[in-house]
file start.txt (compact mmCIF, C-alpha atoms)
# COMPACT_ATOMS: atom_id res chain seq x y z
CA MET A 328 142.03 13.53 45.12
CA LYS A 329 140.35 10.42 46.55
CA ALA A 330 139.33 12.41 49.62
CA VAL A 331 137.76 15.04 47.37
CA LEU A 332 135.83 12.45 45.36
CA ASP A 333 134.59 10.82 48.55
CA THR A 334 133.40 14.23 49.74
CA ILE A 335 131.45 14.91 46.54
CA GLY A 336 129.40 11.81 47.25
CA ALA A 337 128.55 12.99 50.75
CA ARG A 338 125.11 14.44 51.43
CA VAL A 339 126.16 17.41 53.58
CA PRO A 340 129.86 18.31 53.20
CA SER A 341 131.51 20.36 55.92
CA ILE A 342 132.95 23.82 55.26
CA ARG A 343 136.42 22.30 55.22
CA GLN A 344 135.32 19.75 52.65
CA LEU A 345 133.70 22.46 50.50
CA LEU A 346 136.97 24.36 50.54
CA GLN A 347 138.82 21.23 49.46
CA ILE A 348 136.37 20.67 46.59
CA ALA A 349 136.59 24.30 45.45
CA LYS A 350 140.38 24.14 45.48
CA ALA A 351 140.52 20.81 43.66
CA LEU A 352 138.12 21.97 40.93
CA ASP A 353 139.51 25.52 40.65
CA LEU A 354 136.09 26.98 41.44
CA PRO A 355 135.11 29.89 43.69
CA LEU A 356 133.40 28.85 46.91
CA GLN A 357 130.43 30.97 45.82
CA ARG A 358 129.79 28.47 42.99
CA LEU A 359 129.41 25.59 45.44
CA LEU A 360 127.18 27.59 47.76
CA THR A 361 124.77 29.07 45.21
CA GLY A 362 125.52 27.50 41.82
CA SER A 363 126.84 30.78 40.42
CA ASN A 364 130.30 32.37 40.36
CA ARG A 365 128.84 35.66 41.58
CA ALA A 366 126.30 36.52 44.24
CA GLY A 367 122.92 37.66 42.91
CA CYS A 368 121.07 40.93 43.37
CA ALA A 369 117.56 39.87 44.47
CA VAL A 370 116.46 40.77 48.02
CA ARG A 371 117.08 37.23 49.28
CA GLU A 372 120.61 37.44 47.85
CA ILE A 373 121.58 40.76 49.46
CA ALA A 374 119.65 40.55 52.76
CA ILE A 375 122.54 39.17 54.81
CA GLU A 376 124.91 41.82 53.47
CA LEU A 377 122.40 44.58 54.23
CA ARG A 378 122.05 43.27 57.78
CA SER A 379 125.81 43.57 58.17
CA LEU A 380 125.48 47.26 57.24
CA GLY A 381 122.87 47.92 59.93
CA MET A 382 119.48 46.80 58.54
CA LEU A 383 119.17 44.25 61.32
CA ASP A 384 115.48 43.43 60.89
CA LEU A 385 115.67 42.49 57.22
CA TRP A 386 114.76 38.81 57.49
CA VAL A 387 113.62 37.12 54.30
CA GLU A 388 112.71 33.55 53.51
CA SER A 389 115.57 31.40 52.18
CA ALA A 390 118.17 34.16 52.36
CA VAL A 391 121.27 33.19 50.38
CA VAL A 392 124.53 33.03 52.31
CA PRO A 393 127.16 34.75 50.13
CA GLY A 394 130.61 33.31 49.60
CA ALA A 395 132.01 36.71 50.58
CA TYR A 396 130.65 40.16 51.34
CA ARG A 397 130.69 42.58 48.43
CA PRO A 398 131.67 46.23 48.85
CA GLY A 399 128.98 48.09 50.75
CA GLU A 400 128.75 50.56 47.87
CA GLU A 401 127.69 47.74 45.54
CA VAL A 402 125.20 46.25 47.99
CA VAL A 403 123.46 49.58 48.60
CA THR A 404 123.06 50.33 44.90
CA LEU A 405 121.70 46.84 44.21
CA ALA A 406 119.20 47.31 47.05
CA ILE A 407 117.66 50.45 45.55
CA ALA A 408 117.77 49.55 41.85
CA GLY A 409 114.74 48.32 39.96
CA ARG A 410 111.30 49.75 39.49
CA GLU A 411 109.85 48.91 42.91
CA PRO A 412 112.47 48.23 45.60
CA ASP A 413 111.19 46.74 48.86
CA ALA A 414 109.75 49.45 51.13
CA ARG A 415 111.54 47.98 54.19
CA ILE A 416 114.81 48.46 52.35
CA VAL A 417 113.97 51.89 50.92
CA GLU A 418 113.13 53.32 54.33
CA GLY A 419 116.22 51.81 55.96
CA ILE A 420 118.77 53.04 53.40
CA PRO A 421 119.32 56.50 54.98
CA ALA A 422 120.28 54.72 58.23
CA VAL A 423 122.70 52.44 56.39
CA LEU A 424 124.26 55.48 54.70
CA ALA A 425 124.52 57.42 57.97
CA TRP A 426 126.09 54.60 59.98
CA ASN A 427 128.86 53.60 57.57
CA HIS A 428 131.75 55.22 55.74
CA TRP A 429 131.61 55.38 51.95
CA ASN A 430 133.85 55.73 48.94
CA GLY A 431 132.00 58.30 46.82
CA ILE A 432 133.68 57.24 43.59
CA LEU A 433 132.61 53.63 44.10
CA LEU A 434 129.10 54.65 45.10
CA ARG A 435 128.64 56.63 41.91
CA ALA A 436 130.24 53.96 39.73
CA PHE A 437 128.08 51.13 41.08
CA ALA A 438 124.97 53.32 40.90
CA ARG A 439 125.63 54.29 37.28
CA ALA A 440 126.09 50.64 36.40
CA THR A 441 122.42 50.05 37.25
CA GLY A 442 121.13 53.23 35.60
CA ARG A 443 120.88 56.99 36.04
CA ARG A 444 117.72 56.56 38.13
CA THR A 445 119.75 54.76 40.82
CA VAL A 446 122.20 57.66 40.97
CA TYR A 447 119.40 60.14 41.65
CA ARG A 448 117.84 57.85 44.24
CA LEU A 449 121.16 57.52 46.02
CA GLY A 450 121.52 61.30 46.06
CA TRP A 451 118.06 61.57 47.59
CA PHE A 452 118.77 58.95 50.28
CA ALA A 453 122.02 60.71 51.19
CA ASP A 454 120.17 64.03 51.38
CA VAL A 455 117.49 62.47 53.63
CA ALA A 456 120.18 61.21 56.01
CA LEU A 457 121.85 64.63 56.07
CA ALA A 458 118.54 66.43 56.63
CA LEU A 459 117.82 64.24 59.66
CA GLU A 460 121.34 64.82 60.95
CA ARG A 461 120.82 68.60 60.70
CA THR A 462 117.46 68.47 62.50
CA GLY A 463 118.38 66.93 65.83
CA GLY A 464 121.06 64.42 64.91
CA PHE A 465 120.67 61.08 63.18
CA PRO A 466 119.62 58.23 65.51
CA GLY A 467 122.71 56.18 66.32
CA GLY A 468 125.06 58.88 65.03
CA CYS A 469 126.23 59.79 61.54
CA PRO A 470 129.84 58.63 60.93
CA GLY A 471 129.21 58.80 57.18
CA LYS A 472 128.25 62.50 57.21
CA GLU A 473 131.32 63.88 55.44
CA ASP A 474 131.27 61.08 52.87
CA LEU A 475 127.62 61.81 52.09
CA LEU A 476 128.15 65.57 51.86
CA ALA A 477 130.93 65.05 49.33
CA PHE A 478 128.85 62.53 47.39
CA VAL A 479 125.81 64.80 47.11
CA LYS A 480 127.97 67.66 45.82
CA ARG A 481 129.29 65.47 43.00
CA ILE A 482 125.89 64.48 41.61
CA LYS A 483 123.95 66.58 39.13
CA LYS A 484 120.28 66.96 39.97
CA PRO A 485 117.74 65.19 37.72
CA PRO A 486 115.99 67.11 34.94
CA PRO A 487 112.71 68.85 35.88
CA ASP A 488 110.52 66.30 34.10
CA ARG A 489 112.20 63.20 35.54
CA TRP A 490 110.19 62.13 38.57
CA ASP A 491 110.51 58.82 40.40
CA ASP A 492 108.14 57.26 42.96
CA LEU A 493 110.06 54.00 43.61
CA GLY A 494 106.80 52.11 43.10
CA ARG A 495 104.96 53.88 45.93
CA PRO A 496 103.62 57.20 44.60
CA ALA A 497 102.36 59.83 47.03
CA GLU A 498 98.77 61.03 46.71
CA ARG A 499 99.88 64.67 46.61
CA PRO A 500 102.91 66.43 45.13
CA PRO A 501 105.79 66.52 47.66
CA ALA A 502 106.24 69.61 49.81
CA SER A 503 109.70 68.79 51.15
CA PRO A 504 112.58 70.57 49.39
CA VAL A 505 114.61 67.34 49.64
CA TRP A 506 111.94 65.44 47.69
CA LYS A 507 111.61 68.27 45.15
CA ARG A 508 115.38 68.59 44.70
CA TRP A 509 115.70 64.98 43.59
CA ARG A 510 112.32 64.73 41.81
CA ILE A 511 111.09 62.06 44.19
CA ASN A 512 107.38 61.45 44.72
CA TYR A 513 107.70 58.57 47.21
CA ALA A 514 104.86 58.20 49.74
CA ALA A 515 106.82 58.97 52.92
CA ASP A 516 108.26 61.94 54.78
CA LEU A 517 111.30 62.56 56.98
CA ALA A 518 109.39 61.24 60.00
CA THR A 519 109.02 57.87 58.27
CA PHE A 520 112.78 57.53 57.82
CA LEU A 521 113.42 58.79 61.35
CA GLN A 522 111.11 56.16 62.85
CA ARG A 523 112.74 53.42 60.76
CA ALA A 524 116.21 54.45 61.98
CA GLU A 525 115.03 54.64 65.60
CA GLY A 526 113.59 51.14 65.32
CA LEU A 527 116.89 49.79 63.99
CA VAL A 528 118.84 51.52 66.77
CA SER A 529 116.50 50.03 69.36
CA LEU A 530 116.99 46.58 67.88
CA ALA A 531 120.77 46.98 67.83
CA ASN A 532 120.78 48.08 71.48
CA ALA A 533 118.63 45.08 72.46
CA GLU A 534 120.98 42.69 70.69
CA GLU A 535 123.98 44.32 72.36
CA ARG A 536 122.37 43.88 75.78
CA LYS A 537 121.70 40.21 75.04
CA LEU A 538 125.31 39.73 73.98
CA SER A 539 126.59 41.46 77.12
CA THR A 540 124.40 39.24 79.30
CA TRP A 541 125.59 36.11 77.50
CA GLU A 542 129.27 37.12 77.80
CA GLY A 543 128.83 37.99 81.49
call {"tool": "encode", "arguments": {"input": "start.txt", "output": "structure tokens"}}
result
Amino acid sequence: MKAVLDTIGARVPSIRQLLQIAKALDLPLQRLLTGSNRAGCAVREIAIELRSLGMLDLWVESAVVPGAYRPGEEVVTLAIAGREPDARIVEGIPAVLAWNHWNGILLRAFARATGRRTVYRLGWFADVALALERTGGFPGGCPGKEDLLAFVKRIKKPPPDRWDDLGRPAERPPASPVWKRWRINYAADLATFLQRAEGLVSLANAEERKLSTWEG
């Protein structure tokens, strides 16, 4: 215990010391890292987890390092909840969905926990990813295709009068059947999401080349 008390008085404890403190006080490591038992849901609190899912360019000031990664299904639903989710995140979500495998039951459960609007948004994002996959293949591949197809089939479409613009309304009513199907009036088209995915693939390839050079 003396070692633990000595550590508490230190200015910058090491990871090993933090683990000792957490164990001695019966606290989760997350509490010592952020002051809370659970990771938060603001952009700065999910950015690192989103990067691990493929959104490699999502750099935010003072990003919080989580004590552990949450299920991807939870992270994605937190990222798109709220009245006006960050446009960088919105336009990168189809890529995240395409590049990872998903548990449809968990996706729906986490989405419903934040509101019916999030469920519809998630259906739309999945449909966007599938539409791009059908029209030339999704940049970087689409390992999550079957998961997304099953997920979309499980979700009921929103009522005719329930439209959502995610905080960025389009100037004109949407022409795309994907936008109409999910009652989305967001100011972007399939090309916007395609370009975002291509940019992320390019970044991933550049980082892979750097890593190969460093290892060689």
call {"tool": "residues_around", "arguments": {"input": "start.txt", "residues": "segment 515-517 of chain A", "least_positions_apart": "6", "cutoff": "9 Å", "atoms": "all atoms listed in the file", "output": "ChimeraX atom specification"}}
result
/A:418,455,458-459,495,497,501,503,506
call {"tool": "closest_atom_pairs", "arguments": {"input": "start.txt", "of": "segment 409-443 of chain A", "to": "segment 400-404 of chain A", "cutoff": "8 Å", "atoms": "only C-alpha atoms", "output": "CSV"}}
result
residue,atom,partner,partner_atom,distance
A:Ile420,CA,A:Val403,CA,7.6
A:Trp429,CA,A:Glu400,CA,6.9
A:Asn430,CA,A:Glu400,CA,7.3
A:Leu433,CA,A:Glu400,CA,6.2
A:Leu434,CA,A:Glu400,CA,5.0
A:Phe437,CA,A:Glu401,CA,5.6
A:Ala438,CA,A:Thr404,CA,5.3
A:Thr441,CA,A:Thr404,CA,7.7
call {"tool": "atom_distance", "arguments": {"input": "start.txt", "atom1": "atom CA of Leu527 of chain A", "atom2": "atom CA of Met382 of chain A"}}
result
6.7 Å
call {"tool": "closest_residue", "arguments": {"input": "start.txt", "among": "A:Ile482, A:Ala390, A:Ala414, A:Leu405", "to": "Pro496 of chain A", "atoms": "all atoms listed in the file"}}
result
A:Ala414
call {"tool": "residues_around", "arguments": {"input": "start.txt", "residues": "Gln522 of chain A", "least_positions_apart": "2", "cutoff": "12 Å", "atoms": "only C-alpha atoms", "output": "number ranges by chain"}}
result
A: 415, 418-419, 421-422, 459, 465-466, 515-520, 524-529
call {"tool": "residues_around", "arguments": {"input": "start.txt", "residues": "Arg508 of chain A", "least_positions_apart": "2", "cutoff": "9 Å", "atoms": "all atoms listed in the file", "output": "PyMOL selection string"}}
result
chain A and resi 451+484-485+503-506+510-511
call {"tool": "closest_residue", "arguments": {"input": "start.txt", "among": "A:Ala531, A:Leu380, A:Arg397, A:Ala502", "to": "Gly367 of chain A", "atoms": "only C-alpha atoms"}}
result
A:Arg397
call {"tool": "atom_distance", "arguments": {"input": "start.txt", "atom1": "atom CA of Lys472 of chain A", "atom2": "atom CA of Leu457 of chain A"}}
result
6.8 Å
call {"tool": "atom_distance", "arguments": {"input": "start.txt", "atom1": "atom CA of Arg435 of chain A", "atom2": "atom CA of Tyr513 of chain A"}}
result
21.7 Å
call {"tool": "closest_residue", "arguments": {"input": "start.txt", "among": "A:Val339, A:Val370, A:Ala351, A:Leu383", "to": "Ala533 of chain A", "atoms": "only C-alpha atoms"}}
result
A:Leu383
call {"tool": "decode", "arguments": {"input": "start.txt", "residues": "segment 381-417 of chain A", "atoms": "C-alpha atoms", "output": "PDB file, in the first residue's frame"}}
result
ATOM      1  CA  GLY A 381     -11.302   3.267 -40.388  1.00  0.00           C
ATOM      2  CA  MET A 382     -11.980   7.016 -40.036  1.00  0.00           C
ATOM      3  CA  LEU A 383      -8.252   7.698 -40.022  1.00  0.00           C
ATOM      4  CA  ASP A 384      -8.390  11.457 -40.574  1.00  0.00           C
ATOM      5  CA  LEU A 385     -10.654  12.245 -37.638  1.00  0.00           C
ATOM      6  CA  TRP A 386      -8.244  14.306 -35.544  1.00  0.00           C
ATOM      7  CA  VAL A 387      -9.787  16.497 -32.869  1.00  0.00           C
ATOM      8  CA  GLU A 388      -8.264  18.697 -30.211  1.00  0.00           C
ATOM      9  CA  SER A 389      -7.734  17.036 -26.823  1.00  0.00           C
ATOM     10  CA  ALA A 390      -9.088  13.651 -27.901  1.00  0.00           C
ATOM     11  CA  VAL A 391      -9.784  11.475 -24.862  1.00  0.00           C
ATOM     12  CA  VAL A 392      -7.900   8.185 -24.677  1.00  0.00           C
ATOM     13  CA  PRO A 393     -10.454   5.548 -23.596  1.00  0.00           C
ATOM     14  CA  GLY A 394      -9.693   2.951 -20.959  1.00  0.00           C
ATOM     15  CA  ALA A 395     -10.916   0.320 -23.423  1.00  0.00           C
ATOM     16  CA  TYR A 396     -12.570   0.257 -26.826  1.00  0.00           C
ATOM     17  CA  ARG A 397     -16.336  -0.104 -26.775  1.00  0.00           C
ATOM     18  CA  PRO A 398     -18.187  -2.344 -29.234  1.00  0.00           C
ATOM     19  CA  GLY A 399     -18.074  -0.825 -32.704  1.00  0.00           C
ATOM     20  CA  GLU A 400     -21.868  -0.964 -32.804  1.00  0.00           C
ATOM     21  CA  GLU A 401     -22.035   1.388 -29.818  1.00  0.00           C
ATOM     22  CA  VAL A 402     -19.399   3.771 -31.169  1.00  0.00           C
ATOM     23  CA  VAL A 403     -21.132   4.130 -34.545  1.00  0.00           C
ATOM     24  CA  THR A 404     -24.522   4.886 -33.010  1.00  0.00           C
ATOM     25  CA  LEU A 405     -23.009   7.464 -30.639  1.00  0.00           C
ATOM     26  CA  ALA A 406     -21.294   9.107 -33.610  1.00  0.00           C
ATOM     27  CA  ILE A 407     -24.533   9.708 -35.513  1.00  0.00           C
ATOM     28  CA  ALA A 408     -26.856  10.563 -32.616  1.00  0.00           C
ATOM     29  CA  GLY A 409     -27.825  14.118 -31.763  1.00  0.00           C
ATOM     30  CA  ARG A 410     -29.361  16.877 -33.782  1.00  0.00           C
ATOM     31  CA  GLU A 411     -26.288  17.908 -35.779  1.00  0.00           C
ATOM     32  CA  PRO A 412     -23.555  15.255 -35.930  1.00  0.00           C
ATOM     33  CA  ASP A 413     -20.192  16.383 -37.316  1.00  0.00           C
ATOM     34  CA  ALA A 414     -20.214  16.381 -41.136  1.00  0.00           C
ATOM     35  CA  ARG A 415     -16.766  14.694 -41.255  1.00  0.00           C
ATOM     36  CA  ILE A 416     -18.226  11.838 -39.255  1.00  0.00           C
ATOM     37  CA  VAL A 417     -21.540  11.687 -41.137  1.00  0.00           C
TER      38      VAL A 417
END
